[in-house]
Amino acid sequence: MHEDIANKILLAQSGELPAGEWNELRKHLAGCEDCRRYREDIDQIAAWAGQALPVGSPSPAVSRAIRMEAERRAKPEPILRFARSAARVLACAAALMLLLAGWHTLTAGRHAERIHEIDAILAIADADDPMPVPVADIQAATGREEKLRTLARQLLQMEGLGNESEPSLLEI
Amino acid sequence: MAETTDKELLTRYRRGDVDALGVLVEKYRRPLFAFILNMIGGQNEADEIFQEVWFRAIRSLAGYEERNFFGWLARIAHNFVIDRARRKRSDVSLDEELADGVPLRDAIPGATPDPEREIEKKDLAARLAKAVECLPAEQKEVFLMRIQADLPFKEIARAQKVSINTALARMQYALAKLRPMLREYQSA
């Protein structure tokens, strides 16, 4: 039996023999009975070893342990990762909205109080006017009062309260 | 449908798909466990090593860039088997004696002076299994990696950290010890 050919036979069986050496091997085997028999013996031994050697199987507990380790070390799925990111963004947005809503509620209350205060001052001013006013002046005073009211509304409008249908400060 | 490659399965696992790793475990369960079992010899120890091999592989997957996944697993298994053998100091030498004082070399059926009697007592498969068990560790490993795990010699040499010619030589030695049994069986 030729040792170099024996190696080639083994490499041919494992699929590692370079393509260029197949012809040389075939030619040799065609003319060498010892090497042919060697190749047949290896095939036989491999076939019998497959039947004779224990194969076994890992116990179910081992398979479970491997699965648990794989789960423990695995990164979350992309969709899950996206969902977690989206949840974080939504939570931040919700918190921001709550803050804005709270601020708005607080300032809206303050503006309402200021409207009442201005109305009260104007009412007192009307009631406590000691001087008799001529008719021509009454009209002018009403105009001034109206302008004052409009100015107050415009100021409130600029702070985010008030009605847009009111005349603009510049039109007065 | 084309079979999903190891690389694709590993990519899926790296993205969090645990089932993809399960496919790989199942794919290589039989050859890997059979190799470990035949190298070690006991179900419990084989279980332990099989589990350790996969634990090590899972932990190391981040840096894994090999082309042959099973070859990589076999190398991890080889290291565990060698480590276990060292700890147990159970390296088998053919010059060691069995409990009854018979040198192990003579206990290999192919080397017995009376092969006909052996053939009569046991069938070839059982004797072959025993003979493989008694091979020197390096030869047994090459034989099992090649025949049972279907690893190419290139990967076997890599696992054993030897040249491919050394791996081939070890296989030749192993086959030289097993062939006489086959001859005797065929001539019986």
# chains A, B, ... in the order shown; residues from 1 in each chain; ligands from 1
>>> interface_residues(of="chain A", to="chain B", cutoff="8 Å", atoms="only C-alpha atoms", output="ChimeraX atom specification")
/A:6-7,10-11,14-16,41-42,45-46,48-59,62-63,65-67,69-71,73-78
>>> write_last_selection(atoms="N, CA and C atoms", output="mmCIF file, in the first residue's frame")
data_model
loop_
_atom_site.group_PDB
_atom_site.id
_atom_site.type_symbol
_atom_site.label_atom_id
_atom_site.label_comp_id
_atom_site.auth_asym_id
_atom_site.auth_seq_id
_atom_site.Cartn_x
_atom_site.Cartn_y
_atom_site.Cartn_z
ATOM 1 N N ALA A 6 -2.591 6.669 0.140
ATOM 2 C CA ALA A 6 -3.522 6.505 1.263
ATOM 3 C C ALA A 6 -4.024 7.868 1.740
ATOM 4 N N ASN A 7 -3.116 8.823 1.834
ATOM 5 C CA ASN A 7 -3.532 10.178 2.225
ATOM 6 C C ASN A 7 -4.489 10.779 1.208
ATOM 7 N N LEU A 10 -7.912 9.358 1.672
ATOM 8 C CA LEU A 10 -8.599 9.983 2.812
ATOM 9 C C LEU A 10 -9.093 11.392 2.458
ATOM 10 N N LEU A 11 -8.245 12.132 1.774
ATOM 11 C CA LEU A 11 -8.637 13.498 1.400
ATOM 12 C C LEU A 11 -9.768 13.487 0.369
ATOM 13 N N SER A 14 -12.961 12.906 2.209
ATOM 14 C CA SER A 14 -13.447 14.045 3.003
ATOM 15 C C SER A 14 -13.750 15.255 2.110
ATOM 16 N N GLY A 15 -13.575 15.081 0.804
ATOM 17 C CA GLY A 15 -13.876 16.175 -0.120
ATOM 18 C C GLY A 15 -12.802 17.233 -0.175
ATOM 19 N N GLU A 16 -11.597 16.882 0.264
ATOM 20 C CA GLU A 16 -10.532 17.896 0.322
ATOM 21 C C GLU A 16 -9.433 17.685 -0.722
ATOM 22 N N ASP A 41 -11.887 -0.796 2.401
ATOM 23 C CA ASP A 41 -11.865 -1.053 3.850
ATOM 24 C C ASP A 41 -12.276 0.185 4.641
ATOM 25 N N ILE A 42 -11.767 1.323 4.210
ATOM 26 C CA ILE A 42 -12.129 2.574 4.918
ATOM 27 C C ILE A 42 -13.631 2.792 4.837
ATOM 28 N N ILE A 45 -15.259 0.334 7.239
ATOM 29 C CA ILE A 45 -15.054 0.708 8.653
ATOM 30 C C ILE A 45 -15.951 1.897 9.008
ATOM 31 N N ALA A 46 -16.021 2.864 8.110
ATOM 32 C CA ALA A 46 -16.869 4.036 8.369
ATOM 33 C C ALA A 46 -18.331 3.614 8.517
ATOM 34 N N TRP A 48 -19.508 0.630 9.394
ATOM 35 C CA TRP A 48 -19.708 -0.126 10.630
ATOM 36 C C TRP A 48 -19.579 0.756 11.863
ATOM 37 N N ALA A 49 -18.660 1.701 11.800
ATOM 38 C CA ALA A 49 -18.496 2.608 12.948
ATOM 39 C C ALA A 49 -19.783 3.390 13.175
ATOM 40 N N GLY A 50 -20.423 3.760 12.062
ATOM 41 C CA GLY A 50 -21.682 4.490 12.176
ATOM 42 C C GLY A 50 -22.742 3.699 12.921
ATOM 43 N N GLN A 51 -22.702 2.364 12.743
ATOM 44 C CA GLN A 51 -23.689 1.519 13.436
ATOM 45 C C GLN A 51 -23.233 1.140 14.843
ATOM 46 N N ALA A 52 -21.927 0.976 15.006
ATOM 47 C CA ALA A 52 -21.424 0.407 16.254
ATOM 48 C C ALA A 52 -21.211 1.441 17.355
ATOM 49 N N LEU A 53 -20.749 2.598 16.983
ATOM 50 C CA LEU A 53 -20.402 3.573 18.014
ATOM 51 C C LEU A 53 -21.656 4.203 18.600
ATOM 52 N N PRO A 54 -21.669 4.378 19.912
ATOM 53 C CA PRO A 54 -22.854 4.999 20.517
ATOM 54 C C PRO A 54 -23.028 6.426 20.026
ATOM 55 N N VAL A 55 -24.266 6.779 19.778
ATOM 56 C CA VAL A 55 -24.560 8.140 19.316
ATOM 57 C C VAL A 55 -25.104 8.966 20.468
ATOM 58 N N GLY A 56 -26.055 8.369 21.192
ATOM 59 C CA GLY A 56 -26.636 9.042 22.355
ATOM 60 C C GLY A 56 -27.345 10.333 22.010
ATOM 61 N N SER A 57 -27.798 10.983 23.048
ATOM 62 C CA SER A 57 -28.479 12.261 22.875
ATOM 63 C C SER A 57 -28.409 13.008 24.193
ATOM 64 N N PRO A 58 -28.205 14.301 24.135
ATOM 65 C CA PRO A 58 -28.166 15.043 25.402
ATOM 66 C C PRO A 58 -29.501 14.957 26.116
ATOM 67 N N SER A 59 -29.459 14.979 27.433
ATOM 68 C CA SER A 59 -30.711 14.870 28.197
ATOM 69 C C SER A 59 -31.550 16.130 27.970
ATOM 70 N N VAL A 62 -30.415 19.289 29.653
ATOM 71 C CA VAL A 62 -29.299 20.000 29.006
ATOM 72 C C VAL A 62 -29.822 20.897 27.890
ATOM 73 N N SER A 63 -30.720 20.357 27.096
ATOM 74 C CA SER A 63 -31.296 21.153 26.003
ATOM 75 C C SER A 63 -32.017 22.382 26.550
ATOM 76 N N ALA A 65 -31.378 23.894 29.406
ATOM 77 C CA ALA A 65 -30.367 24.823 29.950
ATOM 78 C C ALA A 65 -29.728 25.646 28.831
ATOM 79 N N ILE A 66 -29.461 24.995 27.722
ATOM 80 C CA ILE A 66 -28.854 25.713 26.584
ATOM 81 C C ILE A 66 -29.837 26.770 26.064
ATOM 82 N N ARG A 67 -31.089 26.372 25.975
ATOM 83 C CA ARG A 67 -32.119 27.305 25.498
ATOM 84 C C ARG A 67 -32.214 28.526 26.429
ATOM 85 N N GLU A 69 -29.904 29.701 28.429
ATOM 86 C CA GLU A 69 -28.690 30.516 28.288
ATOM 87 C C GLU A 69 -28.769 31.363 27.016
ATOM 88 N N ALA A 70 -29.276 30.737 25.956
ATOM 89 C CA ALA A 70 -29.413 31.460 24.682
ATOM 90 C C ALA A 70 -30.389 32.625 24.838
ATOM 91 N N GLU A 71 -31.481 32.397 25.558
ATOM 92 C CA GLU A 71 -32.475 33.463 25.771
ATOM 93 C C GLU A 71 -31.887 34.587 26.619
ATOM 94 N N ARG A 73 -28.846 35.499 26.897
ATOM 95 C CA ARG A 73 -27.803 36.269 26.208
ATOM 96 C C ARG A 73 -28.287 36.942 24.926
ATOM 97 N N ALA A 74 -29.506 36.596 24.504
ATOM 98 C CA ALA A 74 -29.989 37.110 23.211
ATOM 99 C C ALA A 74 -30.350 38.580 23.326
ATOM 100 N N LYS A 75 -30.141 39.310 22.228
ATOM 101 C CA LYS A 75 -30.595 40.693 22.162
ATOM 102 C C LYS A 75 -32.071 40.670 21.779
ATOM 103 N N PRO A 76 -32.836 41.679 22.186
ATOM 104 C CA PRO A 76 -34.256 41.668 21.818
ATOM 105 C C PRO A 76 -34.445 41.805 20.318
ATOM 106 N N GLU A 77 -35.594 41.322 19.855
ATOM 107 C CA GLU A 77 -35.941 41.415 18.434
ATOM 108 C C GLU A 77 -35.982 42.876 18.004
ATOM 109 N N PRO A 78 -35.674 43.174 16.738
ATOM 110 C CA PRO A 78 -35.722 44.566 16.273
ATOM 111 C C PRO A 78 -37.073 45.223 16.523
#
